[in-house]
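Structure file protein13.pdb (PDB, C-alpha atoms) follows.
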```pdb
ATOM      1  CA  MET H   1      86.822  79.722 142.556
ATOM      2  CA  ILE H   2      90.115  77.870 142.700
ATOM      3  CA  ASP H   3      92.735  79.128 145.176
ATOM      4  CA  LEU H   4      95.636  80.360 143.030
ATOM      5  CA  SER H   5      97.694  81.212 146.117
ATOM      6  CA  LYS H   6      98.802  77.569 146.005
ATOM      7  CA  ILE H   7     100.795  78.239 142.821
ATOM      8  CA  LYS H   8     104.521  77.596 143.305
ATOM      9  CA  THR H   9     107.211  79.338 141.239
ATOM     10  CA  TYR H  10     110.994  79.120 141.008
ATOM     11  CA  PRO H  11     113.839  81.506 140.052
ATOM     12  CA  ILE H  12     114.378  81.759 136.315
ATOM     13  CA  SER H  13     118.118  81.318 136.902
ATOM     14  CA  GLN H  14     117.355  77.636 137.615
ATOM     15  CA  ARG H  15     115.668  77.068 134.264
ATOM     16  CA  LYS H  16     117.361  75.477 131.280
ATOM     17  CA  ASN H  17     116.567  77.258 128.008
ATOM     18  CA  LYS H  18     116.748  76.184 124.396
ATOM     19  CA  PHE H  19     117.578  79.614 122.944
ATOM     20  CA  SER H  20     120.343  82.067 123.815
ATOM     21  CA  ILE H  21     121.277  85.385 122.226
ATOM     22  CA  LYS H  22     124.428  83.690 120.964
ATOM     23  CA  ASP H  23     122.015  81.911 118.589
ATOM     24  CA  MET H  24     120.570  85.202 117.313
ATOM     25  CA  ILE H  25     120.689  85.470 113.519
ATOM     26  CA  PRO H  26     123.212  88.226 112.708
ATOM     27  CA  LEU H  27     122.366  91.093 110.373
ATOM     28  CA  ASP H  28     125.119  89.975 108.010
ATOM     29  CA  SER H  29     124.102  86.297 107.959
ATOM     30  CA  GLY H  30     124.440  86.086 104.182
ATOM     31  CA  ILE H  31     121.379  83.815 103.977
ATOM     32  CA  ASP H  32     119.643  84.027 100.577
ATOM     33  CA  LEU H  33     116.991  81.519  99.485
ATOM     34  CA  GLN H  34     117.007  82.897  95.934
ATOM     35  CA  ASN H  35     113.222  83.122  96.202
ATOM     36  CA  ASP H  36     111.448  85.252  93.583
ATOM     37  CA  ASP H  37     108.295  85.723  95.669
ATOM     38  CA  ILE H  38     110.274  87.003  98.650
ATOM     39  CA  ARG H  39     112.095  89.358  96.284
ATOM     40  CA  LYS H  40     108.728  90.637  95.009
ATOM     41  CA  ILE H  41     107.507  91.176  98.582
ATOM     42  CA  ALA H  42     110.669  93.125  99.382
ATOM     43  CA  ARG H  43     110.099  95.324  96.308
ATOM     44  CA  LEU H  44     106.495  95.954  97.324
ATOM     45  CA  ILE H  45     107.617  96.908 100.839
ATOM     46  CA  VAL H  46     110.135  99.402  99.459
ATOM     47  CA  GLU H  47     107.515 100.827  97.083
ATOM     48  CA  ALA H  48     105.032 101.124  99.949
ATOM     49  CA  LYS H  49     107.540 103.184 101.934
ATOM     50  CA  GLN H  50     108.108 105.414  98.891
ATOM     51  CA  LYS H  51     104.340 106.037  98.777
ATOM     52  CA  ASP H  52     104.237 106.681 102.541
ATOM     53  CA  ALA H  53     101.961 103.640 102.902
ATOM     54  CA  LYS H  54     102.004 101.446 105.988
ATOM     55  CA  VAL H  55     103.951  98.221 106.484
ATOM     56  CA  ILE H  56     102.501  96.019 109.234
ATOM     57  CA  LEU H  57     104.348  92.972 110.579
ATOM     58  CA  MET H  58     102.569  90.358 112.708
ATOM     59  CA  ILE H  59     104.672  87.670 114.407
ATOM     60  CA  GLY H  60     104.150  84.532 116.446
ATOM     61  CA  GLY H  61     106.363  83.269 119.245
ATOM     62  CA  ALA H  62     108.505  80.967 117.109
ATOM     63  CA  VAL H  63     109.820  83.946 115.138
ATOM     64  CA  VAL H  64     111.425  85.320 118.295
ATOM     65  CA  LYS H  65     112.703  82.068 119.766
ATOM     66  CA  VAL H  66     114.517  81.034 116.570
ATOM     67  CA  GLY H  67     116.546  84.243 116.564
ATOM     68  CA  CYS H  68     114.910  86.727 114.175
ATOM     69  CA  SER H  69     114.647  89.625 116.646
ATOM     70  CA  ALA H  70     117.813  91.516 115.675
ATOM     71  CA  ILE H  71     116.729  91.609 112.030
ATOM     72  CA  LEU H  72     113.215  92.816 112.846
ATOM     73  CA  ILE H  73     114.563  95.459 115.223
ATOM     74  CA  ASP H  74     116.907  96.778 112.540
ATOM     75  CA  LEU H  75     113.954  97.116 110.164
ATOM     76  CA  ILE H  76     112.106  99.040 112.875
ATOM     77  CA  ARG H  77     115.081 101.351 113.413
ATOM     78  CA  ARG H  78     115.369 101.954 109.667
ATOM     79  CA  GLY H  79     111.710 103.006 109.492
ATOM     80  CA  ILE H  80     110.682 100.067 107.299
ATOM     81  CA  ILE H  81     108.152  98.608 109.753
ATOM     82  CA  ASP H  82     105.374 100.991 110.814
ATOM     83  CA  HIS H  83     103.525  98.655 113.189
ATOM     84  CA  ILE H  84     104.648  95.386 114.759
ATOM     85  CA  ALA H  85     102.052  93.092 116.319
ATOM     86  CA  LEU H  86     102.895  90.109 118.540
ATOM     87  CA  ASN H  87     100.836  87.330 120.003
ATOM     88  CA  GLY H  88     101.158  86.674 123.722
ATOM     89  CA  GLY H  89     103.828  84.014 123.364
ATOM     90  CA  ALA H  90     106.024  86.273 121.261
ATOM     91  CA  SER H  91     105.803  89.005 123.904
ATOM     92  CA  ILE H  92     107.004  86.561 126.571
ATOM     93  CA  HIS H  93     109.976  85.289 124.557
ATOM     94  CA  ASP H  94     110.802  88.904 123.699
ATOM     95  CA  PHE H  95     110.693  89.867 127.380
ATOM     96  CA  GLU H  96     112.897  86.985 128.534
ATOM     97  CA  ILE H  97     115.529  87.703 125.890
ATOM     98  CA  ALA H  98     115.817  91.258 127.240
ATOM     99  CA  MET H  99     115.881  90.043 130.848
ATOM    100  CA  ILE H 100     118.291  87.086 130.740
ATOM    101  CA  GLY H 101     119.431  86.733 127.127
ATOM    102  CA  GLU H 102     117.687  83.357 126.889
ATOM    103  CA  THR H 103     114.197  81.906 126.378
ATOM    104  CA  SER H 104     112.239  78.783 125.353
ATOM    105  CA  GLU H 105     112.016  76.202 128.116
ATOM    106  CA  ASP H 106     111.527  72.433 127.978
ATOM    107  CA  VAL H 107     107.736  72.200 128.016
ATOM    108  CA  GLN H 108     107.397  68.413 128.212
ATOM    109  CA  ASN H 109     109.623  68.025 131.249
ATOM    110  CA  GLY H 110     107.897  70.990 132.910
ATOM    111  CA  LEU H 111     104.541  69.283 132.581
ATOM    112  CA  LYS H 112     105.665  66.340 134.699
ATOM    113  CA  ASP H 113     105.971  68.347 137.906
ATOM    114  CA  GLY H 114     103.883  71.381 137.010
ATOM    115  CA  THR H 115     106.869  73.739 136.648
ATOM    116  CA  PHE H 116     106.208  74.659 133.017
ATOM    117  CA  GLY H 117     105.896  78.431 132.738
ATOM    118  CA  MET H 118     106.468  78.975 136.449
ATOM    119  CA  ALA H 119     109.622  81.118 136.387
ATOM    120  CA  THR H 120     109.042  83.796 139.026
ATOM    121  CA  GLU H 121     110.557  86.817 137.304
ATOM    122  CA  THR H 122     108.711  86.436 133.990
ATOM    123  CA  LEU H 123     105.374  86.015 135.731
ATOM    124  CA  THR H 124     105.717  88.801 138.274
ATOM    125  CA  TYR H 125     107.412  91.457 136.129
ATOM    126  CA  MET H 126     105.100  91.080 133.135
ATOM    127  CA  ASN H 127     101.966  91.076 135.276
ATOM    128  CA  GLU H 128     103.254  94.116 137.158
ATOM    129  CA  ALA H 129     103.685  95.859 133.808
ATOM    130  CA  LEU H 130     100.168  95.039 132.654
ATOM    131  CA  ASN H 131      98.574  95.969 135.959
ATOM    132  CA  THR H 132     100.306  99.352 135.717
ATOM    133  CA  GLY H 133      99.195  99.699 132.099
ATOM    134  CA  TYR H 134      95.648  98.956 133.179
ATOM    135  CA  GLU H 135      95.778 101.782 135.710
ATOM    136  CA  LYS H 136      97.339 104.190 133.208
ATOM    137  CA  ASN H 137      95.008 103.248 130.338
ATOM    138  CA  GLU H 138      97.940 102.113 128.170
ATOM    139  CA  GLY H 139      98.244  99.191 125.779
ATOM    140  CA  TYR H 140      99.852  95.823 126.429
ATOM    141  CA  GLY H 141     102.864  96.357 124.176
ATOM    142  CA  LEU H 142     103.677  99.812 125.499
ATOM    143  CA  SER H 143     103.297  98.614 129.094
ATOM    144  CA  ILE H 144     105.825  95.841 128.509
ATOM    145  CA  GLY H 145     108.215  98.160 126.667
ATOM    146  CA  ARG H 146     108.104 100.598 129.588
ATOM    147  CA  LYS H 147     108.838  97.784 132.055
ATOM    148  CA  VAL H 148     111.875  96.674 130.071
ATOM    149  CA  ALA H 149     113.151 100.255 130.160
ATOM    150  CA  GLU H 150     112.308 100.721 133.855
ATOM    151  CA  LEU H 151     114.166  97.567 134.903
ATOM    152  CA  ASP H 152     117.007  98.423 132.516
ATOM    153  CA  PHE H 153     117.397  94.839 131.378
ATOM    154  CA  PRO H 154     120.907  93.974 130.121
ATOM    155  CA  HIS H 155     119.690  92.941 126.677
ATOM    156  CA  LYS H 156     116.948  95.536 126.183
ATOM    157  CA  ARG H 157     118.360  96.535 122.783
ATOM    158  CA  LEU H 158     117.274  93.093 121.569
ATOM    159  CA  ASN H 159     113.707  93.589 122.802
ATOM    160  CA  ILE H 160     111.194  94.249 120.024
ATOM    161  CA  LEU H 161     108.594  96.057 122.133
ATOM    162  CA  TYR H 162     111.227  98.290 123.741
ATOM    163  CA  ASN H 163     112.515  99.279 120.295
ATOM    164  CA  ALA H 164     108.992  99.918 118.996
ATOM    165  CA  MET H 165     108.476 102.233 121.966
ATOM    166  CA  ILE H 166     111.674 104.234 121.491
ATOM    167  CA  GLN H 167     111.058 104.479 117.734
ATOM    168  CA  ASN H 168     107.502 105.673 118.470
ATOM    169  CA  ILE H 169     105.685 103.079 116.377
ATOM    170  CA  PRO H 170     102.846 100.846 117.581
ATOM    171  CA  GLY H 171     104.114  97.657 119.179
ATOM    172  CA  THR H 172     100.945  95.762 120.007
ATOM    173  CA  VAL H 173     100.179  92.437 121.685
ATOM    174  CA  HIS H 174      97.046  90.432 120.953
ATOM    175  CA  ILE H 175      96.284  87.659 123.412
ATOM    176  CA  ALA H 176      93.938  84.768 124.067
ATOM    177  CA  ILE H 177      93.220  84.709 127.793
ATOM    178  CA  GLY H 178      94.472  81.468 129.304
ATOM    179  CA  GLY H 179      96.913  80.912 126.460
ATOM    180  CA  ASP H 180     100.096  82.358 127.981
ATOM    181  CA  ILE H 181     102.244  81.363 130.941
ATOM    182  CA  ILE H 182     101.822  84.700 132.719
ATOM    183  CA  HIS H 183      98.113  83.878 133.101
ATOM    184  CA  GLN H 184      99.121  81.061 135.474
ATOM    185  CA  HIS H 185     100.208  83.404 138.294
ATOM    186  CA  PRO H 186      98.095  84.845 141.137
ATOM    187  CA  SER H 187      99.239  88.377 140.203
ATOM    188  CA  CYS H 188      97.559  88.076 136.800
ATOM    189  CA  ASN H 189      94.549  90.380 136.507
ATOM    190  CA  GLY H 190      92.044  89.386 133.836
ATOM    191  CA  ALA H 191      90.748  92.931 133.598
ATOM    192  CA  ALA H 192      94.287  94.191 132.950
ATOM    193  CA  LEU H 193      94.852  91.571 130.253
ATOM    194  CA  GLY H 194      91.609  92.438 128.529
ATOM    195  CA  LYS H 195      91.933  96.205 128.691
ATOM    196  CA  THR H 196      95.572  96.478 127.640
ATOM    197  CA  SER H 197      95.177  94.040 124.745
ATOM    198  CA  PHE H 198      91.930  95.711 123.658
ATOM    199  CA  ILE H 199      93.710  99.067 123.560
ATOM    200  CA  ASP H 200      96.273  97.411 121.302
ATOM    201  CA  PHE H 201      93.503  96.050 119.084
ATOM    202  CA  GLN H 202      92.248  99.599 118.654
ATOM    203  CA  ARG H 203      95.765 100.665 117.672
ATOM    204  CA  MET H 204      95.794  97.901 115.064
ATOM    205  CA  ILE H 205      92.493  99.134 113.683
ATOM    206  CA  LYS H 206      93.897 102.670 113.407
ATOM    207  CA  THR H 207      96.948 101.505 111.463
ATOM    208  CA  THR H 208      94.786  99.346 109.205
ATOM    209  CA  THR H 209      92.838 102.443 108.110
ATOM    210  CA  LYS H 210      96.058 103.510 106.348
ATOM    211  CA  LEU H 211      96.922 100.189 104.694
ATOM    212  CA  THR H 212      95.988 101.169 101.116
ATOM    213  CA  ASP H 213      99.036 100.539  98.876
ATOM    214  CA  GLY H 214     100.794  99.084 101.935
ATOM    215  CA  VAL H 215     101.952  95.630 102.979
ATOM    216  CA  LEU H 216     100.854  93.286 105.761
ATOM    217  CA  LEU H 217     103.048  90.323 106.684
ATOM    218  CA  ASN H 218     102.026  87.490 108.985
ATOM    219  CA  VAL H 219     105.000  85.447 110.148
ATOM    220  CA  GLY H 220     104.427  82.362 112.246
ATOM    221  CA  SER H 221     100.968  83.014 113.694
ATOM    222  CA  ALA H 222      98.545  80.273 112.653
ATOM    223  CA  VAL H 223      95.337  81.468 114.326
ATOM    224  CA  ASN H 224      95.303  84.512 116.592
ATOM    225  CA  LEU H 225      96.870  87.273 114.512
ATOM    226  CA  PRO H 226      95.187  86.286 111.224
ATOM    227  CA  GLU H 227      91.864  86.540 113.066
ATOM    228  CA  VAL H 228      92.840  89.929 114.538
ATOM    229  CA  PHE H 229      93.635  91.253 111.062
ATOM    230  CA  LEU H 230      90.390  89.874 109.614
ATOM    231  CA  LYS H 231      88.374  91.760 112.227
ATOM    232  CA  ALA H 232      90.434  94.932 111.846
ATOM    233  CA  ILE H 233      90.061  95.110 108.055
ATOM    234  CA  THR H 234      86.337  94.326 108.333
ATOM    235  CA  MET H 235      85.845  97.105 110.866
ATOM    236  CA  VAL H 236      87.677  99.766 108.885
ATOM    237  CA  ARG H 237      85.731  98.886 105.730
ATOM    238  CA  ASN H 238      82.510  98.943 107.759
ATOM    239  CA  MET H 239      83.343 102.438 109.035
ATOM    240  CA  GLY H 240      83.812 103.767 105.522
ATOM    241  CA  TYR H 241      87.571 103.650 105.059
ATOM    242  CA  ASP H 242      88.157 102.536 101.472
ATOM    243  CA  VAL H 243      91.212 100.446 102.299
ATOM    244  CA  LYS H 244      92.254  98.447  99.236
ATOM    245  CA  ASN H 245      95.096  97.516  96.892
ATOM    246  CA  PHE H 246      97.419  96.296  99.615
ATOM    247  CA  THR H 247      99.767  93.310  99.590
ATOM    248  CA  THR H 248      99.582  90.464 102.089
ATOM    249  CA  ALA H 249     101.998  87.618 102.722
ATOM    250  CA  ASN H 250     101.997  84.642 105.061
ATOM    251  CA  PHE H 251     105.332  83.149 106.129
ATOM    252  CA  ASP H 252     105.209  79.710 107.741
ATOM    253  CA  PHE H 253     106.434  76.166 107.228
ATOM    254  CA  LEU H 254     102.954  74.603 107.398
ATOM    255  CA  ASN H 255      99.785  75.162 105.380
ATOM    256  CA  MET H 256      97.465  76.528 108.075
ATOM    257  CA  TYR H 257      93.826  77.196 107.146
ATOM    258  CA  ARG H 258      93.253  80.488 108.960
ATOM    259  CA  ALA H 259      96.545  82.050 107.948
ATOM    260  CA  ARG H 260      96.044  80.998 104.326
ATOM    261  CA  THR H 261      92.458  82.256 104.049
ATOM    262  CA  ARG H 262      92.569  85.368 106.283
ATOM    263  CA  ILE H 263      95.970  86.584 105.083
ATOM    264  CA  VAL H 264      96.566  85.277 101.556
ATOM    265  CA  GLU H 265      93.237  84.503  99.881
ATOM    266  CA  TRP H 266      90.345  86.601 101.165
ATOM    267  CA  PRO H 267      92.004  90.065 101.079
ATOM    268  CA  LYS H 268      92.475  89.680  97.307
ATOM    269  CA  ILE H 269      88.876  90.824  96.774
ATOM    270  CA  LEU H 270      90.073  94.279  97.849
ATOM    271  CA  GLY H 271      92.691  94.371  95.110
ATOM    272  CA  GLY H 272      96.367  93.770  95.566
ATOM    273  CA  GLN H 273      97.935  90.354  95.877
ATOM    274  CA  GLY H 274      98.720  87.672  98.433
ATOM    275  CA  PHE H 275     101.815  85.525  98.834
ATOM    276  CA  ASP H 276     102.241  82.201 100.616
ATOM    277  CA  ILE H 277     105.864  81.590 101.635
ATOM    278  CA  ARG H 278     106.466  78.070 102.969
ATOM    279  CA  GLU H 279     109.870  77.715 104.607
ATOM    280  CA  ASN H 280     111.649  78.032 107.961
ATOM    281  CA  HIS H 281     111.756  81.530 109.487
ATOM    282  CA  THR H 282     115.505  81.253 109.958
ATOM    283  CA  LYS H 283     115.800  81.320 106.166
ATOM    284  CA  THR H 284     112.905  83.489 104.995
ATOM    285  CA  ILE H 285     113.336  86.456 107.346
ATOM    286  CA  PRO H 286     117.085  86.931 106.666
ATOM    287  CA  THR H 287     116.380  86.603 102.926
ATOM    288  CA  LEU H 288     113.621  89.225 103.049
ATOM    289  CA  TYR H 289     115.888  91.508 105.083
ATOM    290  CA  LYS H 290     118.744  91.098 102.591
ATOM    291  CA  TYR H 291     116.523  91.947  99.622
ATOM    292  CA  ILE H 292     115.015  95.006 101.328
ATOM    293  CA  LEU H 293     118.436  96.409 102.157
ATOM    294  CA  GLU H 294     119.670  95.840  98.616
ATOM    295  CA  MET H 295     116.687  97.752  97.246
ATOM    296  CA  ILE H 296     116.853 100.730  99.578
TER     297      ILE H 296
END
```
Would you mind writing the structure in this file as structure tokens?
Amino acid sequence: MIDLSKIKTYPISQRKNKFSIKDMIPLDSGIDLQNDDIRKIARLIVEAKQKDAKVILMIGGAVVKVGCSAILIDLIRRGIIDHIALNGGASIHDFEIAMIGETSEDVQNGLKDGTFGMATETLTYMNEALNTGYEKNEGYGLSIGRKVAELDFPHKRLNILYNAMIQNIPGTVHIAIGGDIIHQHPSCNGAALGKTSFIDFQRMIKTTTKLTDGVLLNVGSAVNLPEVFLKAITMVRNMGYDVKNFTTANFDFLNMYRARTRIVEWPKILGGQGFDIRENHTKTIPTLYKYILEMI
């Protein structure tokens, strides 16, 4: 085994970041793409809530680091989102925004001297949270939300997982081991990563059992979260839950195979409809938010 005690970290205060909360998209941004498909999705979300059906939102890291958090949090607070699922990268950006009001480092420069992802506080605090969650038999998302509350971060109100926790909805994190910067630190415990994220997968399965007439959105996750949803919907159908007639939508600026097939195309065999929205998140998410608020 390699000796990870040789890993060197540095204070996050020394890191230059590309995103600051001053760049956060405001709730009253006024952005409107005039997109009929996004308007239809908004209507279907509102109708789902009227039927007491579930609305699931899955997000990748880029969604957080381009400033969409305040909008998503407001939808959580309004009871529009019933379950929010993040990949590992999104959970890290979300955590750093709460902690220092900034995130998104210069990866290329960090590769030159091996400092990429080596900010001490992010690595130690998040691994502490997951190791505690492992001991308490709690999920990844809840463990991180509790840590944000425990440390009373100055920008915790802009943390998605903290808000999911206080609004008592599932905030889950679905990882690929070795894919996130916190896996680079000696305090990282593979068993804790696996257990806490597996608990969150089970929470996703539970919500998926109630997706009939609901809506599932995938925003900015090209591989991991589409695969998580594919397995979840397969499992609930296998166990006899007749989940059908739900709406799916994929929001991204590239045509990615897994997101297109797992989210937009294949679920159509269960009824309902799928949408493929191709545009920057900084435009699509504020537009969706605007339409939802107009309709409710």
- Query: Written as a count of residues only, which residues does the PyMOL selection byres ((chain H and resi 194) around 12) give for the file shown?
  - Reply: 28
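Note that atom CA of H:Thr287 and atom CA of H:Lys156 are 24.9 Å apart.
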Run the PyMOL selection byres ((chain H and resi 41) around 9) mentally over the shown coordinates, then write out the matched residues as an mmCIF file with C-alpha atoms, keeping the file's coordinate frame, using the chain letters and numbers from the document.
```cif
data_model
loop_
_atom_site.group_PDB
_atom_site.id
_atom_site.type_symbol
_atom_site.label_atom_id
_atom_site.label_comp_id
_atom_site.auth_asym_id
_atom_site.auth_seq_id
_atom_site.Cartn_x
_atom_site.Cartn_y
_atom_site.Cartn_z
ATOM 1 C CA ASP H 36 111.448 85.252 93.583
ATOM 2 C CA ASP H 37 108.295 85.723 95.669
ATOM 3 C CA ILE H 38 110.274 87.003 98.650
ATOM 4 C CA ARG H 39 112.095 89.358 96.284
ATOM 5 C CA LYS H 40 108.728 90.637 95.009
ATOM 6 C CA ALA H 42 110.669 93.125 99.382
ATOM 7 C CA ARG H 43 110.099 95.324 96.308
ATOM 8 C CA LEU H 44 106.495 95.954 97.324
ATOM 9 C CA ILE H 45 107.617 96.908 100.839
ATOM 10 C CA VAL H 46 110.135 99.402 99.459
ATOM 11 C CA VAL H 215 101.952 95.630 102.979
ATOM 12 C CA THR H 247 99.767 93.310 99.590
ATOM 13 C CA THR H 248 99.582 90.464 102.089
ATOM 14 C CA ALA H 249 101.998 87.618 102.722
ATOM 15 C CA PHE H 275 101.815 85.525 98.834
ATOM 16 C CA LEU H 288 113.621 89.225 103.049
ATOM 17 C CA ILE H 292 115.015 95.006 101.328
#
```
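The closest residue to H:Thr209, picked from H:Ala90, H:Ile233, H:Val264, H:Leu254 and counting all atoms listed in the file, is H:Ile233.
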- Item | Contacts of H:Ile21 at 12 Å (only C-alpha atoms; same-chain gap of 2+ positions) as a PyMOL selection string | chain H and resi 17-19+23-26+64-70+93-94+96-104+154-159
- Spatial neighbours of H:Ile81, max dist 8 Å, only C-alpha atoms, sep filter under 2 positions, as a count of residues only: 10
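Coordinates place atom CA of H:Lys231 at a distance of 29.1 Å from atom CA of H:Lys147.
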Residues within 7 Å of H:Met58, please, as a PDB file with C-alpha atoms, in the coordinates of the input. Count all atoms listed in the file; anything in the same chain fewer than 2 positions from it doesn't count.
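Resulting contents of out.pdb:
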```
ATOM      1  CA  ILE H  56     102.501  96.019 109.234  1.00  0.00           C
ATOM      2  CA  ILE H  84     104.648  95.386 114.759  1.00  0.00           C
ATOM      3  CA  ALA H  85     102.052  93.092 116.319  1.00  0.00           C
ATOM      4  CA  LEU H  86     102.895  90.109 118.540  1.00  0.00           C
ATOM      5  CA  LEU H 217     103.048  90.323 106.684  1.00  0.00           C
ATOM      6  CA  ASN H 218     102.026  87.490 108.985  1.00  0.00           C
ATOM      7  CA  VAL H 219     105.000  85.447 110.148  1.00  0.00           C
ATOM      8  CA  LEU H 225      96.870  87.273 114.512  1.00  0.00           C
TER       9      LEU H 225
END
```
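Shell of H:His185 at 12 Å, with only C-alpha atoms counted and residues fewer than 3 places along the chain excluded, is Asp3, Leu4, Ser5, Lys6, Ile7, Lys8, Thr9, Tyr10, Thr115, Phe116, Gly117, Met118, Ala119, Thr120, Glu121, Thr122, Leu123, Thr124, Tyr125, Met126, Asn127, Glu128, Gly178, Asp180, Ile181, Ile182, Cys188, Asn189 and Gly190 of chain H.
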- Item | Between atom CA of H:Arg258 and atom CA of H:Asn224, distance in Å (one decimal) | 8.9 Å
Taking every listed atom of stretch 80-95 of chain H and adding 4 Å to each side, what centre and edge lengths in Å (one decimal) does the axis-aligned box have, as AutoDock Vina command-line options?
```
--center_x 105.8 --center_y 92.5 --center_z 117.3 --size_x 18.0 --size_y 25.0 --size_z 28.1
```
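Each of H:Ser91, H:Gly114, H:Thr212, H:Glu105 was checked against H:Leu161 using all atoms listed in the file; the smallest atom-to-atom distance is that of H:Ser91.
Across H:Ile71, H:Arg15, H:Gly60, H:Gly272, the tightest approach to H:Pro286 is made by H:Ile71 when counting all atoms listed in the file.
Taking all atoms listed in the file into account, H:Leu211 lies nearest to H:Lys51 out of the set H:Lys136, H:Arg146, H:Arg260, H:Lys51.
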- Note on the structure: In terms of all atoms listed in the file, the residue from H:Ile92, H:Met256, H:Ile144, H:Leu293 at minimal distance from H:Ile277 is H:Met256
- Message: For stretch 266-270 of chain H, find every residue with an atom within 8 Å (counting only C-alpha atoms), except residues of its own chain fewer than 2 positions away, and show them as a PyMOL selection string.
- Response: chain H and resi 243-246+248+261-264+272-274
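Of the residues under consideration (H:Asn35, H:Ser143, H:Gln50, H:Ser13), H:Gln50 shows the shortest atom-to-atom contact distance to H:Met295 when counting all atoms listed in the file.
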